[in-house]
file input_21.txt (compact mmCIF, C-alpha atoms and all ligand atoms)
# COMPACT_ATOMS: atom_id res chain seq x y z
CA MET R 1 -20.23 52.92 35.66
CA ASN R 2 -23.40 54.86 34.86
CA GLY R 3 -26.20 53.03 36.60
CA LEU R 4 -25.62 50.71 39.54
CA ARG R 5 -22.65 48.41 39.89
CA LEU R 6 -21.72 46.27 42.88
CA GLU R 7 -18.35 44.59 42.86
CA LYS R 8 -17.58 41.79 45.31
CA VAL R 9 -19.64 43.37 48.05
CA SER R 10 -19.55 41.78 51.50
CA ALA R 11 -21.73 43.41 54.13
CA GLY R 12 -23.77 42.74 57.23
CA TYR R 13 -24.69 43.95 60.67
CA GLY R 14 -22.03 44.47 63.34
CA GLU R 15 -19.85 41.37 63.32
CA THR R 16 -22.35 39.37 61.26
CA VAL R 17 -21.55 39.08 57.56
CA VAL R 18 -24.70 38.43 55.50
CA LEU R 19 -23.68 39.22 51.91
CA GLU R 20 -20.55 37.61 50.55
CA GLY R 21 -18.89 38.71 47.33
CA VAL R 22 -22.05 40.01 45.65
CA SER R 23 -21.55 41.57 42.22
CA LEU R 24 -24.28 42.95 39.99
CA ASP R 25 -24.81 45.42 37.17
CA LEU R 26 -27.93 47.46 36.53
CA PRO R 27 -27.60 49.91 33.62
CA PRO R 28 -29.84 53.03 33.51
CA GLY R 29 -33.41 52.31 32.48
CA ARG R 30 -33.17 48.56 32.97
CA MET R 31 -34.91 46.22 35.38
CA LEU R 32 -33.33 43.48 37.46
CA ALA R 33 -35.17 40.91 39.58
CA VAL R 34 -33.53 39.72 42.80
CA LEU R 35 -34.86 36.33 43.84
CA GLY R 36 -34.21 33.98 46.70
CA ARG R 37 -36.07 32.39 49.57
CA ASN R 38 -36.62 33.92 52.97
CA GLY R 39 -33.52 34.97 54.88
CA VAL R 40 -30.96 34.74 52.05
CA GLY R 41 -30.10 38.46 52.22
CA LYS R 42 -32.38 40.23 49.72
CA THR R 43 -33.39 43.01 52.10
CA THR R 44 -29.79 43.26 53.29
CA LEU R 45 -28.73 43.79 49.67
CA LEU R 46 -31.08 46.74 49.29
CA ALA R 47 -30.08 48.11 52.71
CA THR R 48 -26.44 47.88 51.63
CA ILE R 49 -27.10 49.83 48.43
CA MET R 50 -28.93 52.45 50.54
CA GLY R 51 -26.09 52.60 53.07
CA HIS R 52 -27.83 51.07 56.07
CA THR R 53 -25.50 48.13 56.69
CA ARG R 54 -21.85 47.68 57.49
CA LEU R 55 -19.84 47.29 54.30
CA ARG R 56 -16.93 44.90 54.89
CA SER R 57 -15.38 44.89 51.43
CA GLY R 58 -16.15 45.58 47.80
CA THR R 59 -17.39 48.68 46.00
CA ILE R 60 -20.74 50.20 45.12
CA GLY R 61 -20.87 52.52 42.10
CA PHE R 62 -23.85 54.63 41.14
CA ALA R 63 -24.33 57.36 38.53
CA GLY R 64 -20.67 57.41 37.64
CA ARG R 65 -19.22 57.61 41.13
CA GLU R 66 -18.18 55.45 44.02
CA ILE R 67 -20.83 55.74 46.76
CA SER R 68 -19.66 53.11 49.27
CA ALA R 69 -18.49 55.71 51.76
CA LEU R 70 -21.48 58.05 51.44
CA PRO R 71 -24.11 58.23 54.18
CA ALA R 72 -27.62 57.08 53.30
CA TYR R 73 -29.13 60.55 52.82
CA ARG R 74 -26.47 61.46 50.26
CA ARG R 75 -27.18 58.29 48.29
CA ALA R 76 -30.90 59.11 48.31
CA ARG R 77 -30.07 62.62 47.06
CA LEU R 78 -28.04 61.17 44.21
CA GLY R 79 -31.24 59.53 42.96
CA ILE R 80 -31.74 56.21 44.72
CA GLY R 81 -35.36 55.66 45.76
CA PHE R 82 -36.40 52.94 48.17
CA VAL R 83 -39.73 51.18 48.72
CA PRO R 84 -39.22 49.29 51.99
CA GLN R 85 -40.68 45.87 52.71
CA GLU R 86 -42.76 47.27 55.60
CA ARG R 87 -43.95 50.18 53.41
CA GLU R 88 -43.45 52.62 56.32
CA ILE R 89 -46.40 54.86 55.52
CA PHE R 90 -46.91 57.66 58.05
CA PRO R 91 -50.24 56.55 59.61
CA SER R 92 -51.32 59.95 60.90
CA LEU R 93 -50.55 61.84 57.69
CA THR R 94 -52.92 61.94 54.73
CA VAL R 95 -52.06 60.29 51.44
CA GLU R 96 -51.19 63.69 50.03
CA GLN R 97 -48.99 64.60 52.99
CA ASN R 98 -47.22 61.24 52.76
CA LEU R 99 -46.43 62.04 49.12
CA MET R 100 -45.40 65.64 49.72
CA VAL R 101 -42.83 64.86 52.42
CA ALA R 102 -40.76 63.10 49.77
CA GLU R 103 -41.10 65.77 47.07
CA ARG R 104 -38.01 66.74 45.12
CA PRO R 105 -37.90 68.57 41.79
CA GLY R 106 -38.18 66.47 38.64
CA PRO R 107 -40.67 64.94 36.23
CA TRP R 108 -42.62 63.15 38.98
CA THR R 109 -45.07 65.54 40.59
CA LEU R 110 -48.17 65.04 42.73
CA ALA R 111 -50.34 65.31 39.62
CA ARG R 112 -48.30 62.71 37.79
CA VAL R 113 -48.33 60.27 40.72
CA TYR R 114 -52.14 60.68 40.93
CA ASP R 115 -52.41 60.08 37.20
CA PHE R 116 -50.24 56.97 37.59
CA PHE R 117 -52.18 55.67 40.63
CA PRO R 118 -55.75 57.03 40.28
CA SER R 119 -56.86 55.27 43.46
CA LEU R 120 -54.40 57.41 45.43
CA ALA R 121 -56.06 60.53 44.02
CA GLU R 122 -59.41 59.27 45.29
CA ARG R 123 -57.89 58.66 48.72
CA ARG R 124 -55.82 61.85 48.89
CA ARG R 125 -57.47 63.09 52.10
CA ASN R 126 -57.50 59.72 53.86
CA HIS R 127 -54.89 58.96 56.47
CA GLY R 128 -52.22 56.33 56.02
CA ASN R 129 -53.85 54.03 58.56
CA GLN R 130 -57.14 54.05 56.60
CA LEU R 131 -55.66 52.46 53.50
CA SER R 132 -55.87 48.87 52.26
CA GLY R 133 -52.66 46.90 51.78
CA GLY R 134 -52.70 47.57 48.05
CA GLU R 135 -53.23 51.28 48.54
CA GLN R 136 -50.41 51.41 51.08
CA GLN R 137 -48.10 49.75 48.56
CA MET R 138 -49.09 52.21 45.84
CA LEU R 139 -48.48 55.04 48.29
CA ALA R 140 -45.05 53.66 49.19
CA ILE R 141 -44.14 53.50 45.49
CA GLY R 142 -45.71 56.90 44.78
CA ARG R 143 -43.77 58.44 47.63
CA ALA R 144 -40.50 57.03 46.30
CA LEU R 145 -41.34 58.41 42.83
CA MET R 146 -41.97 61.87 44.34
CA SER R 147 -38.26 62.00 45.16
CA ASN R 148 -37.55 61.64 41.42
CA PRO R 149 -35.07 58.78 41.62
CA THR R 150 -33.14 57.38 38.68
CA LEU R 151 -32.89 54.04 40.47
CA LEU R 152 -35.80 52.55 42.40
CA LEU R 153 -35.27 49.68 44.85
CA MET R 154 -38.43 47.73 45.69
CA ASP R 155 -38.56 45.14 48.46
CA GLU R 156 -41.28 42.53 47.85
CA PRO R 157 -43.94 45.00 46.70
CA LEU R 158 -46.41 42.18 45.94
CA GLU R 159 -46.14 40.55 49.36
CA GLY R 160 -49.43 39.99 51.17
CA LEU R 161 -51.62 41.48 48.44
CA ALA R 162 -54.77 39.85 47.03
CA PRO R 163 -54.33 38.38 43.51
CA VAL R 164 -56.47 41.06 41.86
CA ILE R 165 -54.32 43.78 43.47
CA VAL R 166 -51.14 41.95 42.45
CA ASP R 167 -52.36 42.04 38.83
CA ALA R 168 -53.10 45.75 39.02
CA LEU R 169 -49.72 46.51 40.58
CA LEU R 170 -47.87 44.37 38.03
CA ARG R 171 -49.41 46.45 35.25
CA ARG R 172 -48.18 49.61 36.97
CA LEU R 173 -44.67 48.19 37.40
CA ASP R 174 -44.64 47.16 33.75
CA ARG R 175 -45.51 50.74 32.78
CA LEU R 176 -42.96 52.12 35.22
CA LYS R 177 -40.14 50.24 33.57
CA ARG R 178 -40.88 52.09 30.33
CA GLU R 179 -40.94 55.55 31.93
CA ASP R 180 -38.10 58.05 32.09
CA ASN R 181 -35.15 55.71 31.88
CA LEU R 182 -35.80 54.68 35.48
CA ALA R 183 -33.72 51.69 36.61
CA LEU R 184 -35.65 49.21 38.76
CA LEU R 185 -34.32 46.64 41.17
CA LEU R 186 -37.18 44.37 42.16
CA VAL R 187 -36.82 41.98 45.10
CA GLU R 188 -39.49 39.29 44.94
CA GLN R 189 -40.36 35.88 46.29
CA HIS R 190 -42.96 35.40 43.54
CA ALA R 191 -40.28 34.21 41.12
CA GLY R 192 -42.59 33.64 38.14
CA LEU R 193 -44.07 37.14 38.32
CA ALA R 194 -40.73 38.87 38.78
CA LEU R 195 -39.11 36.92 35.93
CA GLY R 196 -42.03 37.82 33.67
CA LEU R 197 -41.46 41.50 34.38
CA ALA R 198 -37.66 41.83 34.54
CA PRO R 199 -35.55 40.67 31.59
CA GLU R 200 -32.54 40.03 33.85
CA ALA R 201 -32.36 38.32 37.23
CA ILE R 202 -30.04 37.26 40.00
CA ILE R 203 -30.74 34.60 42.61
CA LEU R 204 -29.27 34.84 46.08
CA ASP R 205 -28.63 31.89 48.36
CA ARG R 206 -27.11 32.40 51.79
CA GLY R 207 -25.78 35.81 50.87
CA GLN R 208 -24.16 34.76 47.60
CA VAL R 209 -25.17 35.15 43.96
CA VAL R 210 -25.92 31.65 42.62
CA PHE R 211 -27.39 32.82 39.30
CA ALA R 212 -27.00 35.95 37.20
CA GLY R 213 -28.40 36.11 33.70
CA ALA R 214 -31.45 36.34 31.49
CA SER R 215 -34.81 35.68 33.17
CA ARG R 216 -35.76 33.66 30.11
CA GLU R 217 -33.14 31.02 31.03
CA LEU R 218 -34.99 30.38 34.29
CA LEU R 219 -38.50 30.58 32.83
CA ASP R 220 -37.47 27.98 30.24
CA ASP R 221 -36.04 25.66 32.88
CA PRO R 222 -38.35 25.45 35.93
CA ALA R 223 -36.37 22.56 37.43
CA ARG R 224 -33.23 24.68 37.43
CA LEU R 225 -35.14 27.60 38.95
CA THR R 226 -36.48 25.37 41.72
CA SER R 227 -33.08 23.95 42.48
CA LEU R 228 -31.43 27.40 42.52
CA MET R 229 -34.14 28.80 44.78
CA GLY R 230 -33.59 25.98 47.27
CA VAL R 231 -35.97 23.40 48.69
CA SER R 232 -38.23 25.82 50.51
CA ALA R 233 -39.13 27.60 47.27
CA ARG R 234 -41.54 24.77 46.52
CA HIS R 235 -43.46 25.54 49.68
CA ALA R 236 -43.58 29.30 49.18
CA HIS R 237 -46.93 30.93 48.50
N1 LIG M 1 -30.77 44.25 61.50
C1 LIG M 1 -30.23 43.01 61.48
N2 LIG M 1 -29.29 42.64 62.36
C2 LIG M 1 -28.72 41.41 62.34
N3 LIG M 1 -29.04 40.46 61.44
C3 LIG M 1 -29.99 40.75 60.54
C4 LIG M 1 -30.64 42.03 60.50
N4 LIG M 1 -31.52 42.04 59.47
C5 LIG M 1 -31.42 40.81 58.91
N5 LIG M 1 -30.50 40.04 59.54
C6 LIG M 1 -30.13 38.66 59.17
O1 LIG M 1 -29.60 38.71 57.86
C7 LIG M 1 -30.01 37.55 57.13
C8 LIG M 1 -30.67 37.98 55.85
O2 LIG M 1 -31.87 38.65 56.15
P1 LIG M 1 -32.66 39.48 55.06
O3 LIG M 1 -31.71 40.32 54.30
O4 LIG M 1 -33.78 40.16 55.76
O5 LIG M 1 -33.21 38.30 54.11
P2 LIG M 1 -34.40 38.29 53.05
O6 LIG M 1 -34.79 39.70 52.77
O7 LIG M 1 -33.84 37.58 51.85
O8 LIG M 1 -35.52 37.50 53.66
C9 LIG M 1 -30.92 36.75 58.05
O9 LIG M 1 -30.15 35.73 58.63
C10 LIG M 1 -31.34 37.75 59.09
O10 LIG M 1 -31.58 37.13 60.31
MG MG M 2 -36.60 40.69 52.99
call {"tool": "encode", "arguments": {"input": "input_21.txt", "output": "structure tokens", "more": "lines below"}}
Ligand SMILES: Nc1ncnc2c1ncn2[C@@H]1O[C@H](COP(=O)(O)OP(=O)(O)O)[C@@H](O)[C@H]1O
Ligand SMILES: [Mg+2]
result
Amino acid sequence: MNGLRLEKVSAGYGETVVLEGVSLDLPPGRMLAVLGRNGVGKTTLLATIMGHTRLRSGTIGFAGREISALPAYRRARLGIGFVPQEREIFPSLTVEQNLMVAERPGPWTLARVYDFFPSLAERRRNHGNQLSGGEQQMLAIGRALMSNPTLLLMDEPLEGLAPVIVDALLRRLDRLKREDNLALLLVEQHAGLALGLAPEAIILDRGQVVFAGASRELLDDPARLTSLMGVSARHAH
């Protein structure tokens, strides 16, 4: 259990159970796409790994230990980085300050994040609220990298971005997956893009895993992908 392993995890909020019997494996340095239409529990899955939901049953293992009972800050300290769906940039801090608040020792430094996202270097003295959507997303990812995680959870990083920005970000994510043995868990609604990037995928439907396997299986069988994603997938952007 070196990497991330969920076994039969059921979790939710208060009395509400959202995830039911979710199991997944993400070895170190690998990338897993988590797909599923709106409201199926993708964000809840990430929140559960981070320790922000109520775990009802099952176990969560990370980096060789059982973390289910650990509070969120201890999980972060063990090396789990999180890029939230709402990005949560500090609007009144500069780009550089946003990055520095997350700093922890390791291979990712300010200089390396700027080298990785040159547009952040150009904007280093701008405030969070002066950034475009794409720049905010790069900053959210850069900030997570500053904490030097070994596992990075990303919640719909491509959402709401212009196609040209999506392309640029995809190239960065593709490079990221080859860096430092970093494990990536990518939640996406853009199924085609996520499957192109991550060799393995799971699909959630109503809090349950309805597919787990090679992305190639889904790319080779669009009808199966559509049916697994549910009817509304056809109407998604
Ligand atoms: N903080 C919360 N409290 C109660 N229910 C929630 C909360 N967040 C999400 N939910 C519910 O959990 C379900 C899954 O939501 P979510 O994990 O956000 O789905 P997704 O990210 O796949 O769109 C939805 O029915 C949603 O209404
Ligand atoms: Mg979500």
call {"tool": "residues_near_ligand", "arguments": {"input": "input_21.txt", "ligand": "ligand LIG 1 (chain M)", "cutoff": "9 Å", "atoms": "all atoms listed in the file", "output": "PyMOL selection string"}}
result
chain R and resi 12-19+35-47+53+85+155-156+187+189+204-207
call {"tool": "closest_residue", "arguments": {"input": "input_21.txt", "among": "R:Gly51, R:Gly133, R:Gly64, R:Pro157", "to": "ligand MG 2 (chain M)", "atoms": "all atoms listed in the file"}}
result
R:Pro157
call {"tool": "residues_near_point", "arguments": {"input": "input_21.txt", "point": "(-30.0, 45.2, 34.1)", "cutoff": "12 Å", "atoms": "all atoms listed in the file", "output": "count of residues only"}}
result
32
call {"tool": "atom_distance", "arguments": {"input": "input_21.txt", "atom1": "atom CA of Gln137 of chain R", "atom2": "atom CA of Pro118 of chain R"}}
result
13.4 Å
call {"tool": "atom_distance", "arguments": {"input": "input_21.txt", "atom1": "atom CA of Ser68 of chain R", "atom2": "atom CA of Ala144 of chain R"}}
result
21.4 Å
call {"tool": "closest_residue", "arguments": {"input": "input_21.txt", "among": "R:Thr94, R:Arg171, R:Leu218, R:Glu7", "to": "Gly61 of chain R", "atoms": "only C-alpha atoms"}}
result
R:Glu7
call {"tool": "closest_residue", "arguments": {"input": "input_21.txt", "among": "R:Val113, R:Leu170, R:Val83, R:Val22", "to": "ligand MG 2 (chain M)", "atoms": "all atoms listed in the file"}}
result
R:Val83
call {"tool": "decode", "arguments": {"input": "input_21.txt", "residues": "segment 117-130 of chain R", "atoms": "N, CA and C atoms", "output": "compact mmCIF listing (two decimals), in the first residue's frame"}}
result
# COMPACT_ATOMS: atom_id res chain seq x y z
N PHE R 117 5.38 27.30 -15.03
CA PHE R 117 4.30 28.18 -15.50
C PHE R 117 4.87 29.59 -15.71
N PRO R 118 5.52 29.84 -16.86
CA PRO R 118 6.15 31.15 -17.08
C PRO R 118 5.17 32.32 -16.94
N SER R 119 3.90 32.10 -17.27
CA SER R 119 2.97 33.23 -17.17
C SER R 119 2.74 33.63 -15.71
N LEU R 120 2.96 32.72 -14.78
CA LEU R 120 2.85 33.11 -13.36
C LEU R 120 4.04 34.00 -12.97
N ALA R 121 5.20 33.73 -13.55
CA ALA R 121 6.37 34.57 -13.26
C ALA R 121 6.10 36.00 -13.72
N GLU R 122 5.50 36.12 -14.91
CA GLU R 122 5.18 37.46 -15.43
C GLU R 122 4.19 38.19 -14.54
N ARG R 123 3.32 37.43 -13.89
CA ARG R 123 2.25 38.02 -13.08
C ARG R 123 2.56 38.02 -11.58
N ARG R 124 3.81 37.78 -11.22
CA ARG R 124 4.14 37.52 -9.82
C ARG R 124 3.70 38.63 -8.86
N ARG R 125 3.65 39.87 -9.34
CA ARG R 125 3.26 40.97 -8.45
C ARG R 125 1.78 41.34 -8.57
N ASN R 126 1.07 40.66 -9.44
CA ASN R 126 -0.38 40.92 -9.55
C ASN R 126 -1.13 40.21 -8.44
N HIS R 127 -2.27 40.77 -8.09
CA HIS R 127 -3.09 40.14 -7.05
C HIS R 127 -3.96 39.04 -7.64
N GLY R 128 -4.39 38.15 -6.78
CA GLY R 128 -5.20 37.02 -7.20
C GLY R 128 -6.43 37.43 -7.99
N ASN R 129 -7.03 38.55 -7.60
CA ASN R 129 -8.27 38.97 -8.27
C ASN R 129 -8.01 39.67 -9.60
N GLN R 130 -6.74 39.78 -10.01
CA GLN R 130 -6.42 40.41 -11.29
C GLN R 130 -6.07 39.36 -12.36
